[in-house]
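> Sharing a structure here in structure tokens format.
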Amino acid sequence: EDQVTQSPEALRLQEGESSSLNCSYTVSGLRGLFWYRQDPGKGPEFLFTLYSAGEEKEKERLKATLTKKESFLHITAPKPEDSATYLCAAPRGRGSTLGRLYFGRGTQLTVWP
Amino acid sequence: DTEVTQTPKHLVMGMTNKKSLKCEQHMGHRAMYWYKQKAKKPPELMFVYSYEKLSINESVPSRFSPECPNSSLLNLHLHALQPEDSALYLCASARGLAGSYEQYFGPGTRLTVT
């Protein structure tokens, strides 16, 4: 069964303490893997799309990587403003499922000063 | 510009009211989406429009009625809602339905049904 699983559910980091969030997927014929950031009460903000194993993308303190089974969101020297829920998602297959995304349940990141 | 706008930001309505949520994008995207999100859960797909035609209805109750007047606008008409319909309603758009196109989300409408 196709699915997307994120870990950990919650992560608390001290400011400057680097770490990684994991998104594992079992989606056949992956056509992309998306990362979003969501602040409480707001809509998800698009961060990255990864299309193929080995691909990496960076934005400020964030770096996303993709392997054949999982994706990592590396956070280098995080700041309190990086606190948010990070969601990963993968598009579903073809035909009747086109347009749908599998979402992970998210990792709630808290960075304290 | 990758902005999707939604109005209103907050909405409180009684179970007998009729109200509408509005969504707008000017990115030339041809796919538009409505999602419902409960606290600490991922967004849950409700409807998808492609080229202004309803493409997906995820078995949503008829008290939710979507409308796509043109390629930039998406409405969600609400009638006779239940308290359990209280949630954050998100609009999103994408270049198309192809899975490789990322979806851009609006800020959401926080709906409370009393």
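Identifiers for the structure tokens are assigned positionally: chains receive A, B, ... in sequence, residues are indexed from 1 per chain, and ligands are indexed from 1 in the order shown.
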Using only C-alpha atoms, find each residue in chain B having at least one atom no more than 6 Å away from chain A; report its shortest atom-to-atom pair and that distance in Å (one decimal), rows by chain then rising number, as CSV.

residue,atom,partner,partner_atom,distance
B:Pro42,CA,A:Arg105,CA,5.5
B:Leu97,CA,A:Gly99,CA,4.6
B:Gly99,CA,A:Pro91,CA,4.9
B:Ser100,CA,A:Gly32,CA,5.3
B:Phe105,CA,A:Gly43,CA,5.8
B:Gly106,CA,A:Gly43,CA,5.6
B:Pro107,CA,A:Gly43,CA,4.4
B:Gly108,CA,A:Gly43,CA,5.5
> Please, which residues of range 17-112 of chain B, numbered as in this document, come out strand (DSSP E) from DSSP, as a PyMOL selection string?
chain B and resi 18-25+31-37+44-50+53-57+64-70+73-79+87-94+104-105+109-112
> Out of A:Leu21, A:Val111, A:Ala53, A:Ala64, which residue has the shortest atom-to-atom distance to Gln6 in chain A when counting only C-alpha atoms?
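For Gln6 in chain A, the nearest of the given residues is A:Leu21.
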> Taking into account only C-alpha atoms, which residue in the set B:Ser50, B:Pro69, B:Met32, B:Met15 is nearest to Glu84 in chain B?
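Ranked by minimum distance to Glu84 in chain B, first place goes to B:Met15.
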> Show which residues sit within 8 Å of Tyr89 in chain B, as a PyMOL selection string. Count only C-alpha atoms, and ignore same-chain residues fewer than 3 positions away.
chain B and resi 34-37+108-111
> Can you tell me which residues surround range 21-31 of chain B at a distance of at most 9 Å, considering only C-alpha atoms, apart from same-chain residues fewer than 2 positions away, and format the answer as a PyMOL selection string?
(chain A and resi 99) or (chain B and resi 1-8+11+19+33+48-52+71-78+89-97+103+106+109)
> Can you spit out the residues from that selection as a compact mmCIF listing (two decimals), in the first residue's frame, using N, CA and C atoms?

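Now in result.txt:
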# COMPACT_ATOMS: atom_id res chain seq x y z
N GLY A 99 -3.83 14.04 -9.15
CA GLY A 99 -4.18 15.27 -8.46
C GLY A 99 -4.19 15.11 -6.95
N ASP B 1 5.50 35.42 -8.53
CA ASP B 1 4.60 35.48 -7.37
C ASP B 1 3.87 34.15 -7.21
N THR B 2 3.97 33.55 -6.05
CA THR B 2 3.34 32.26 -5.81
C THR B 2 2.28 32.42 -4.73
N GLU B 3 1.41 33.41 -4.88
CA GLU B 3 0.45 33.70 -3.84
C GLU B 3 -0.95 33.24 -4.18
N VAL B 4 -1.52 32.58 -3.21
CA VAL B 4 -2.93 32.20 -3.24
C VAL B 4 -3.60 32.96 -2.09
N THR B 5 -4.65 33.68 -2.39
CA THR B 5 -5.34 34.44 -1.35
C THR B 5 -6.67 33.80 -1.01
N GLN B 6 -7.06 33.92 0.26
CA GLN B 6 -8.33 33.38 0.72
C GLN B 6 -9.03 34.39 1.60
N THR B 7 -10.34 34.48 1.44
CA THR B 7 -11.16 35.32 2.31
C THR B 7 -12.42 34.57 2.70
N PRO B 8 -12.95 34.80 3.92
CA PRO B 8 -12.32 35.59 4.97
C PRO B 8 -11.23 34.80 5.70
N LEU B 11 -14.23 32.83 10.14
CA LEU B 11 -15.66 32.82 9.91
C LEU B 11 -16.33 32.03 11.02
N LYS B 19 -22.99 30.60 3.98
CA LYS B 19 -21.82 31.45 3.80
C LYS B 19 -20.97 30.89 2.66
N TYR B 33 -7.73 23.47 -5.67
CA TYR B 33 -8.09 22.46 -4.69
C TYR B 33 -8.73 23.09 -3.45
N VAL B 48 -11.24 18.88 -6.26
CA VAL B 48 -10.22 19.32 -7.20
C VAL B 48 -10.91 19.79 -8.47
N TYR B 49 -10.50 20.96 -8.96
CA TYR B 49 -10.94 21.47 -10.25
C TYR B 49 -9.75 21.49 -11.20
N SER B 50 -10.00 21.07 -12.43
CA SER B 50 -9.00 21.14 -13.47
C SER B 50 -9.62 21.84 -14.67
N TYR B 51 -9.00 22.91 -15.12
CA TYR B 51 -9.55 23.71 -16.22
C TYR B 51 -11.02 24.04 -15.96
N GLU B 52 -11.30 24.48 -14.75
CA GLU B 52 -12.60 24.99 -14.31
C GLU B 52 -13.68 23.92 -14.24
N SER B 71 -10.88 30.73 -14.22
CA SER B 71 -9.63 30.02 -13.96
C SER B 71 -8.86 30.58 -12.76
N SER B 72 -9.24 31.76 -12.27
CA SER B 72 -8.52 32.36 -11.15
C SER B 72 -9.25 32.25 -9.82
N LEU B 73 -10.53 31.91 -9.87
CA LEU B 73 -11.35 31.96 -8.66
C LEU B 73 -11.92 30.59 -8.30
N LEU B 74 -12.03 30.37 -7.01
CA LEU B 74 -12.63 29.13 -6.50
C LEU B 74 -13.44 29.50 -5.27
N ASN B 75 -14.67 29.07 -5.24
CA ASN B 75 -15.54 29.33 -4.09
C ASN B 75 -15.93 28.02 -3.43
N LEU B 76 -16.26 28.10 -2.14
CA LEU B 76 -16.83 26.96 -1.43
C LEU B 76 -18.04 27.48 -0.68
N HIS B 77 -19.22 27.04 -1.12
CA HIS B 77 -20.47 27.48 -0.51
C HIS B 77 -20.83 26.52 0.61
N LEU B 78 -21.21 27.12 1.74
CA LEU B 78 -21.47 26.35 2.96
C LEU B 78 -22.93 26.53 3.38
N TYR B 89 -9.90 25.66 6.54
CA TYR B 89 -10.16 25.30 5.15
C TYR B 89 -9.11 25.97 4.27
N LEU B 90 -8.44 25.13 3.50
CA LEU B 90 -7.31 25.57 2.70
C LEU B 90 -7.63 25.46 1.22
N CYS B 91 -7.23 26.46 0.48
CA CYS B 91 -7.29 26.43 -0.97
C CYS B 91 -5.86 26.26 -1.48
N ALA B 92 -5.70 25.56 -2.59
CA ALA B 92 -4.38 25.40 -3.19
C ALA B 92 -4.52 25.44 -4.70
N SER B 93 -3.42 25.74 -5.37
CA SER B 93 -3.43 25.70 -6.82
C SER B 93 -2.14 25.08 -7.32
N ALA B 94 -2.19 24.57 -8.54
CA ALA B 94 -1.01 23.96 -9.18
C ALA B 94 -1.11 24.17 -10.68
N ARG B 95 0.02 24.02 -11.36
CA ARG B 95 0.03 24.24 -12.81
C ARG B 95 -0.93 23.29 -13.51
N GLY B 96 -1.05 22.08 -12.95
CA GLY B 96 -1.94 21.09 -13.53
C GLY B 96 -2.09 19.93 -12.58
N LEU B 97 -2.77 18.88 -13.03
CA LEU B 97 -3.00 17.73 -12.17
C LEU B 97 -1.82 16.77 -12.13
N GLN B 103 1.85 21.94 -5.27
CA GLN B 103 0.66 22.72 -4.94
C GLN B 103 1.06 23.88 -4.03
N GLY B 106 -3.04 28.59 0.07
CA GLY B 106 -3.39 29.87 0.64
C GLY B 106 -3.27 29.84 2.16
N THR B 109 -8.91 29.64 5.79
CA THR B 109 -10.02 30.27 6.50
C THR B 109 -10.31 29.41 7.72
> Find the residues around Val12 in chain B up to 8 Å (only C-alpha atoms counted), leave out those fewer than 5 positions away in its own chain, and share them as a ChimeraX atom specification.
/B:111-114
> Please produce a file of those selected residues containing C-alpha atoms, as a PDB file, in the first residue's frame.

ATOM      1  CA  LEU B 111     -14.221  28.192  10.285  1.00  0.00           C
ATOM      2  CA  THR B 112     -16.132  27.783  13.515  1.00  0.00           C
ATOM      3  CA  VAL B 113     -19.658  26.326  13.404  1.00  0.00           C
ATOM      4  CA  THR B 114     -21.763  27.065  16.476  1.00  0.00           C
TER       5      THR B 114
END
> With a distance cut-off of 10 Å and only C-alpha atoms, select the neighbouring residues of Glu58 in chain B, excluding the residue or stretch itself and same-chain residues fewer than 4 positions from it, and output the selection as number ranges by chain.
B: 44-48
